[in-house]
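Engineer: Structure incoming, see below.
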Amino acid sequence: MSRFSQANSVGLVTPQVYRFDQPLTLASGRDLPAYDLMVETYGELNATASNAVLICHALSGHHHAAGWHSADDAKPGWWDAYIGPGKAIDTQKFFVVALNNIGGCHGSTGPTSINPETGKIWGGDFPTLRVRDWVATQARLADRLGIAQWAAVVGGSLGGMQAMRWTLEYPDRVRHCVAVASALKLSAQNIAFNETARQAILGDPDFVAGHYAEQGRLPVKGLSVARMIGHITYLSDDGMGQKFGRELRSGSFDQGIDEPVEFQIESYLRYQGKSFSKVFDANTYILMTHALDYFDLAREYNHDPAQAFRRALCNFLVVSFTTDWRFAPARSREIVNALMRADKNVTYAEVESPYGHDAFLVGNQPRYENLFASYMQGIAV
Amino acid sequence: MRLDYKIIEQWIKPKSRVLDLGCGDGTLLNQLALTKQVRSYGLEISEAGIQACIEKAVNVIEQNIDEGLHNFDDKSFDTVIMSQTLQTMYYPDKVLAEMLRVGRECIVTFPNFGHWRARMQLLFKGRMPVSDLLPYEWYNTPNIHFCTFADFEALCRRMEVTVLDRVVVANSRWGLDVHRLNPNWFGETGIYRVSR
């Protein structure tokens with residue numbers, strides 16, 4: 001039996017493009033005249049459309065959350081460990097919708113698309129986006145799919161921010177919000193990491209102010225370094241130590257031997273950076289990290305997250321991971337405390353994991369799987 | 001239902017806001033939701049307890065009570081409950097003070113270490129008491145701060161805490177309510193309703 005026809009896999013999936021011709025006024029004030037959304041769905045929408053779950057992706061995510069595109073795929077969708085028949089987000093129960101957000105580079109309208117006004121690639125001229133813009137486009141997608149109310153809006157990291165924003169923008173359209181490894185807003189340290197990553201891209205001579213594509217260039221070096229910086233912050237010190245330690249890939253420290261030494265972690269990070277820079281767009285990276293930095297759930301609620309959450313009508317599951325220092329458990333506790341002050345139904349678990357921020361994506365973590373699955377099983381459809 | 005839960009339930013006002021410290025598998029909060037329509041949160045640190053709460057759709061928050069209740073506002077709950085957990089705390093007095101800050105009323109239940117069987121074990125065997133209720137050996141018990149009813153009431157006086165109600169639960173095997181006559185000798189579990 002092939003791996004994509006396994007009983008707990010959604011199997012082969014085909015993304016679909018949804019075209020939206022009604023202009024969207026963005027939070028920045030600029031208008032997006034029309035846009036495409038690249039979408040994948042798993043499971044069946046029930047007769048009353050009460051079993052729909054929206055998956056919001058994080059910084060480098062996209063619409064391909066589960067299953068396989070072809071038998072040749074090296075890896076399944078990015079959240080395949082948690083979406084599928086019998087998995088935490090059970091596709092036998094739920095109709096799961098995953099999309100690539102606008103500004104992305106996996107088929108939805110973004111910096112790599114053509115600007116209809118100029119006939120040229122948007123590049124660095126693509127409008128700045130905020131989390132609420134994504135939520136607005138997701139709401140239009142829900143309308144198109146005939147989903148008046150999501151059984152749950154689910155996301156990790158930046159995806160969790162979208163899920164929380166949903167509960168404030170469209171309170172009556174969400175019954176459950178699941179925010180994993182997320183935060184009410186980024187810390188100064190987080191913004192600092194993002195800015196360092198952006199500077200790596202901006203400083204690459206092949207970036208040419210974001211118009212590299214028109215000139216047939218690609219800021220591979222800059223995007224690689226940006227990804228390397230990001231990647232370090234997604235792993236934990238312990239996890240990295242366990243996986244790589246001080247193992248050498250080549251060279252030697254033996255006395256009398258003068259040859260260049262390369263640690264495994266160096267080679268691993270370079271590989272990660274390089275492969276990422278080939279499949280991801282540098283302008284999207286800048287746009288996504290800006291959206292992260294700008295997000296502040298309570299900004300227009302007197303900077304009081306409890307006041308913000310009083311608008312929400314849904315139940316919440318908040319999960320964090322012990323070794324996540326990018327979106328530390330303390331950030332999740334801020335979400336939980338605000339929700340309790342706002343008198344909302346909330347459950348919070350702090351899962352022990354060696355995987356740092358990436359833990360929310362990693363499978364084979366029984367506690368995470370069990371509590372996630374139990375929570376989702378408890379959702380009435 | 002556990003007898004102490006039944007008594008606690010009688011003291012809970014319908015539709016009130018309840019915080020349960022060390023809520024375990026969520027049985028009590030689940031019960032209170034059904035019978036009293038309370039709005040509640042339970043704090044718990046055991047993975048199994050948290051998982052069981054999620055399965056019951058009880059609002060459970062993973063939080064170590066020994067680190068305080070700093071994330072809760074003054075008098076933000078009608079009742080704060082701590083059932084069979086006080087004796088596991090590093091600083092029972094500080095936890096009690098925190099409970100009284102956060103709750104308008106508090107309910108505390110704990111095993112009575114002054115029960116005659118415990119006294120007999122220590123007096124005649126010279127060994128730390130082990131019983132059905134307290135099945136642990138001294139070296140592996142989570143119960144690190146035992147007290148008797150007299151001890152708890154002395155703490156309440158020192159902290160100027162008012163005991164509003166006290167129910168003593170005991171196994172009345174001889175058909176005698178001796179625990180009513182001398183609770184500190186014959187009571188097994190104390191259920192206190194306190195405020196400040």
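Lettering and numbering for the structure tokens are positional, with chains as A, B, ... in the shown order, residues counted from 1 in each chain, and ligands counted from 1 in the shown order.
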Skip A:Ser267 itself and residues of its chain fewer than 4 positions away, then list as a tab-separated table (two decimals) with N, CA and C atoms, in the first residue's frame all residues within 10 Å of it, counting only C-alpha atoms.

Structural biologist:
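Final output, saved to out09.tsv:
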```tsv
chain	number	residue	atom	x	y	z
A	248	LEU	N	30.89	16.79	13.88
A	248	LEU	CA	31.51	17.37	12.69
A	248	LEU	C	31.00	16.67	11.44
A	249	ARG	N	30.83	17.47	10.43
A	249	ARG	CA	30.46	16.90	9.14
A	249	ARG	C	31.73	16.58	8.35
A	250	SER	N	32.71	17.46	8.52
A	250	SER	CA	33.99	17.21	7.85
A	250	SER	C	35.10	17.89	8.61
A	262	GLU	N	33.91	21.60	9.59
A	262	GLU	CA	32.52	22.01	9.44
A	262	GLU	C	31.65	21.21	10.41
A	263	PHE	N	30.90	21.95	11.26
A	263	PHE	CA	29.99	21.28	12.17
A	263	PHE	C	28.72	20.86	11.42
A	271	TYR	N	21.83	24.16	4.43
A	271	TYR	CA	20.94	23.38	3.56
A	271	TYR	C	19.51	23.89	3.68
A	272	GLN	N	19.07	24.10	4.94
A	272	GLN	CA	17.71	24.60	5.16
A	272	GLN	C	17.50	25.95	4.47
A	273	GLY	N	18.47	26.82	4.63
A	273	GLY	CA	18.38	28.15	4.03
A	273	GLY	C	18.32	28.08	2.52
```

Engineer: Compute the chain B side of the contact with chain A at 12 Å, counting only C-alpha atoms, and hand it back as a PyMOL selection string.

Structural biologist: chain B and resi 16-19+38-64+69-77

Engineer: Using only C-alpha atoms for the distances, tell me which of A:Gln162, A:Ala136, A:Ser182, A:Gly29 is nearest to A:Arg331.

Structural biologist: A:Ser182

Engineer: Counting only C-alpha atoms, figure out which residue out of A:Gln199, A:Thr137, A:Thr289, A:Asn190 gets nearest to A:Pro23.

Structural biologist: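 With only C-alpha atoms as the atom set, the closest residue is A:Thr137.
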
Engineer: So how many Å separate atom CA of A:His290 and atom CA of A:Cys56, to one decimal?

Structural biologist: 17.0 Å

Engineer: Just list the residues in stretch 11-253 of chain A DSSP gives strand (DSSP E) on the backbone, as a VMD selection string.

Structural biologist: chain A and resid 16 to 20 24 to 25 31 to 32 35 to 42 52 to 56 83 to 84 89 to 90 95 to 100 114 to 115 120 to 121 152 to 156 176 to 180 248 to 250

Engineer: From chain B, collect each residue whose DSSP state is helix (DSSP H, G or I) and return the set as a ChimeraX atom specification.

Structural biologist: /B:3-11,27-36,47-55,65-67,86-88,92-102,116-125,149-158,178-181,183-186

Engineer: Write out as number ranges by chain the residues lying within 9 Å of stretch 68-83 of chain A, counting only C-alpha atoms and excluding same-chain residues fewer than 2 positions away.

Structural biologist: A: 2-4, 8-15, 42, 61-66, 85-91, 96, 360-364, 369, 372-373

Engineer: To one decimal place, how far is atom CA of A:Thr109 from atom CA of A:Val135 in Å?

Structural biologist: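 Atom CA of A:Val135 lies 14.9 Å from atom CA of A:Thr109.
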
Engineer: Between B:Ala154, B:Leu3, B:Ala170, B:Leu122, single out the one closest to B:Thr189, counting only C-alpha atoms.

Structural biologist: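 Ranked by minimum distance to B:Thr189, first place goes to B:Ala170.
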
Engineer: Kindly give the distance, in Å, that separates atom CA of A:Val180 and atom CA of A:Tyr294, rounded to a single decimal.

Structural biologist: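 Going from atom CA of A:Val180 over to atom CA of A:Tyr294 covers 19.1 Å.
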
Engineer: Applying 12 Å and only C-alpha atoms, which residues near stretch 124-128 of chain B remain after dropping the ones on its own chain fewer than 2 positions away? List them as a PyMOL selection string.

Structural biologist: chain B and resi 113+116-122+130-131+134-139+141+146

Engineer: Determine, counting only C-alpha atoms, which protein, DNA and RNA residues have an atom within 7 Å of an atom of stretch 30-41 of chain A; residues of the same chain fewer than 4 positions away are not included. Present the result as a list of chain:residue names.

Structural biologist: A:Thr14, A:Pro15, A:Gln16, A:Val17, A:Tyr18, A:Arg19, A:Phe20, A:Asp21, A:Gln22, A:Pro23, A:Leu24, A:Thr25, A:Leu26, A:His63, A:His64, A:Phe95, A:Val96, A:Val97, A:Ala98, A:Leu99, A:Asn100, A:Asn101, A:Ile102, A:Gly107, A:Ser108, A:Thr109, A:Pro127

Engineer: Could you write those residues out with N, CA, C and O atoms, as a JSON list (two decimals), in the first residue's frame?

Structural biologist:
```
[["chain", "number", "residue", "atom", "x", "y", "z"],
["A", 14, "THR", "N", -5.92, 17.81, -4.52],
["A", 14, "THR", "CA", -5.67, 18.76, -5.60],
["A", 14, "THR", "C", -6.11, 20.15, -5.16],
["A", 14, "THR", "O", -7.27, 20.33, -4.79],
["A", 15, "PRO", "N", -5.20, 21.10, -5.19],
["A", 15, "PRO", "CA", -5.60, 22.45, -4.81],
["A", 15, "PRO", "C", -6.49, 23.09, -5.88],
["A", 15, "PRO", "O", -6.49, 22.66, -7.03],
["A", 16, "GLN", "N", -7.22, 24.09, -5.45],
["A", 16, "GLN", "CA", -8.14, 24.75, -6.36],
["A", 16, "GLN", "C", -8.01, 26.26, -6.18],
["A", 16, "GLN", "O", -7.84, 26.74, -5.07],
["A", 17, "VAL", "N", -8.10, 26.98, -7.29],
["A", 17, "VAL", "CA", -8.00, 28.44, -7.21],
["A", 17, "VAL", "C", -9.39, 29.06, -7.14],
["A", 17, "VAL", "O", -10.27, 28.69, -7.92],
["A", 18, "TYR", "N", -9.60, 29.94, -6.21],
["A", 18, "TYR", "CA", -10.85, 30.71, -6.13],
["A", 18, "TYR", "C", -10.52, 32.16, -6.47],
["A", 18, "TYR", "O", -9.64, 32.76, -5.88],
["A", 19, "ARG", "N", -11.28, 32.68, -7.43],
["A", 19, "ARG", "CA", -11.04, 34.05, -7.90],
["A", 19, "ARG", "C", -12.03, 34.98, -7.21],
["A", 19, "ARG", "O", -13.23, 34.68, -7.14],
["A", 20, "PHE", "N", -11.55, 36.09, -6.69],
["A", 20, "PHE", "CA", -12.42, 37.09, -6.05],
["A", 20, "PHE", "C", -12.26, 38.41, -6.78],
["A", 20, "PHE", "O", -11.18, 38.99, -6.82],
["A", 21, "ASP", "N", -13.36, 38.87, -7.39],
["A", 21, "ASP", "CA", -13.28, 40.07, -8.23],
["A", 21, "ASP", "C", -13.72, 41.33, -7.51],
["A", 21, "ASP", "O", -13.56, 42.43, -8.04],
["A", 22, "GLN", "N", -14.30, 41.14, -6.34],
["A", 22, "GLN", "CA", -14.73, 42.32, -5.59],
["A", 22, "GLN", "C", -13.50, 42.92, -4.91],
["A", 22, "GLN", "O", -12.76, 42.22, -4.21],
["A", 23, "PRO", "N", -13.24, 44.22, -5.10],
["A", 23, "PRO", "CA", -12.03, 44.81, -4.51],
["A", 23, "PRO", "C", -12.05, 44.71, -2.99],
["A", 23, "PRO", "O", -13.11, 44.71, -2.36],
["A", 24, "LEU", "N", -10.85, 44.60, -2.44],
["A", 24, "LEU", "CA", -10.72, 44.51, -0.98],
["A", 24, "LEU", "C", -9.91, 45.71, -0.49],
["A", 24, "LEU", "O", -8.78, 45.93, -0.94],
["A", 25, "THR", "N", -10.52, 46.50, 0.39],
["A", 25, "THR", "CA", -9.76, 47.60, 0.99],
["A", 25, "THR", "C", -8.96, 47.04, 2.16],
["A", 25, "THR", "O", -9.52, 46.46, 3.09],
["A", 26, "LEU", "N", -7.65, 47.20, 2.07],
["A", 26, "LEU", "CA", -6.76, 46.62, 3.06],
["A", 26, "LEU", "C", -6.63, 47.53, 4.29],
["A", 26, "LEU", "O", -6.99, 48.72, 4.23],
["A", 63, "HIS", "N", -1.47, 26.46, 1.47],
["A", 63, "HIS", "CA", -2.73, 25.72, 1.41],
["A", 63, "HIS", "C", -2.55, 24.22, 1.54],
["A", 63, "HIS", "O", -3.50, 23.52, 1.83],
["A", 64, "HIS", "N", -1.34, 23.73, 1.32],
["A", 64, "HIS", "CA", -1.15, 22.28, 1.31],
["A", 64, "HIS", "C", -0.85, 21.79, 2.73],
["A", 64, "HIS", "O", 0.30, 21.57, 3.10],
["A", 95, "PHE", "N", -15.03, 19.10, 7.81],
["A", 95, "PHE", "CA", -14.67, 19.58, 6.47],
["A", 95, "PHE", "C", -13.59, 20.62, 6.69],
["A", 95, "PHE", "O", -13.84, 21.68, 7.27],
["A", 96, "VAL", "N", -12.38, 20.29, 6.28],
["A", 96, "VAL", "CA", -11.22, 21.12, 6.61],
["A", 96, "VAL", "C", -10.84, 21.99, 5.41],
["A", 96, "VAL", "O", -10.72, 21.48, 4.29],
["A", 97, "VAL", "N", -10.68, 23.28, 5.65],
["A", 97, "VAL", "CA", -10.33, 24.22, 4.59],
["A", 97, "VAL", "C", -8.96, 24.82, 4.91],
["A", 97, "VAL", "O", -8.77, 25.40, 5.98],
["A", 98, "ALA", "N", -8.03, 24.66, 4.00],
["A", 98, "ALA", "CA", -6.71, 25.27, 4.16],
["A", 98, "ALA", "C", -6.43, 26.12, 2.93],
["A", 98, "ALA", "O", -6.76, 25.73, 1.82],
["A", 99, "LEU", "N", -5.87, 27.29, 3.15],
["A", 99, "LEU", "CA", -5.62, 28.17, 2.01],
["A", 99, "LEU", "C", -4.24, 28.80, 2.11],
["A", 99, "LEU", "O", -3.63, 28.80, 3.19],
["A", 100, "ASN", "N", -3.77, 29.29, 1.00],
["A", 100, "ASN", "CA", -2.57, 30.12, 0.99],
["A", 100, "ASN", "C", -3.06, 31.55, 1.10],
["A", 100, "ASN", "O", -3.93, 31.99, 0.34],
["A", 101, "ASN", "N", -2.55, 32.27, 2.09],
["A", 101, "ASN", "CA", -3.01, 33.64, 2.29],
["A", 101, "ASN", "C", -2.53, 34.57, 1.18],
["A", 101, "ASN", "O", -1.49, 34.30, 0.55],
["A", 102, "ILE", "N", -3.27, 35.65, 0.96],
["A", 102, "ILE", "CA", -2.78, 36.64, 0.00],
["A", 102, "ILE", "C", -1.44, 37.18, 0.51],
["A", 102, "ILE", "O", -1.19, 37.24, 1.72],
["A", 107, "GLY", "N", 0.56, 30.39, -4.94],
["A", 107, "GLY", "CA", -0.59, 30.34, -5.84],
["A", 107, "GLY", "C", -1.63, 31.40, -5.56],
["A", 107, "GLY", "O", -2.39, 31.79, -6.44],
["A", 108, "SER", "N", -1.69, 31.90, -4.33],
["A", 108, "SER", "CA", -2.59, 33.02, -4.06],
["A", 108, "SER", "C", -1.93, 34.31, -4.50],
["A", 108, "SER", "O", -0.70, 34.37, -4.63],
["A", 109, "THR", "N", -2.76, 35.34, -4.71],
["A", 109, "THR", "CA", -2.21, 36.60, -5.18],
["A", 109, "THR", "C", -1.19, 37.16, -4.18],
["A", 109, "THR", "O", -1.47, 37.27, -2.99],
["A", 127, "PRO", "N", 1.07, 45.52, -1.77],
["A", 127, "PRO", "CA", 0.70, 46.24, -0.55],
["A", 127, "PRO", "C", 1.10, 45.51, 0.73],
["A", 127, "PRO", "O", 1.10, 44.29, 0.77]]
```

Engineer: Excluding same-chain residues fewer than 2 positions from B:Val108, what lies within 9 Å of it counting only C-alpha atoms, as a list in words?

Structural biologist: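 Residues near the query, excluding close chain neighbours: Val80, Ile81, Met82, Ser83, Gln84, Thr85, Leu86, Leu96, Cys106, Phe110, Gly190, Ile191, Tyr192, Arg193 and Val194 of chain B.
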
Engineer: Neighbours of A:His176 within 9 Å (only C-alpha atoms; same-chain residues fewer than 2 positions away dropped), as an NGL selection string?

Structural biologist: :A and (150-154 or 167 or 174 or 178 or 313-317 or 379)

Engineer: In terms of the shortest atom-to-atom distance over only C-alpha atoms, which of B:Glu105, B:Asp165, B:Asp78, B:Asp66 is closest to B:Tyr91?

Structural biologist: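 Selected residue with least distance to B:Tyr91: B:Asp66.
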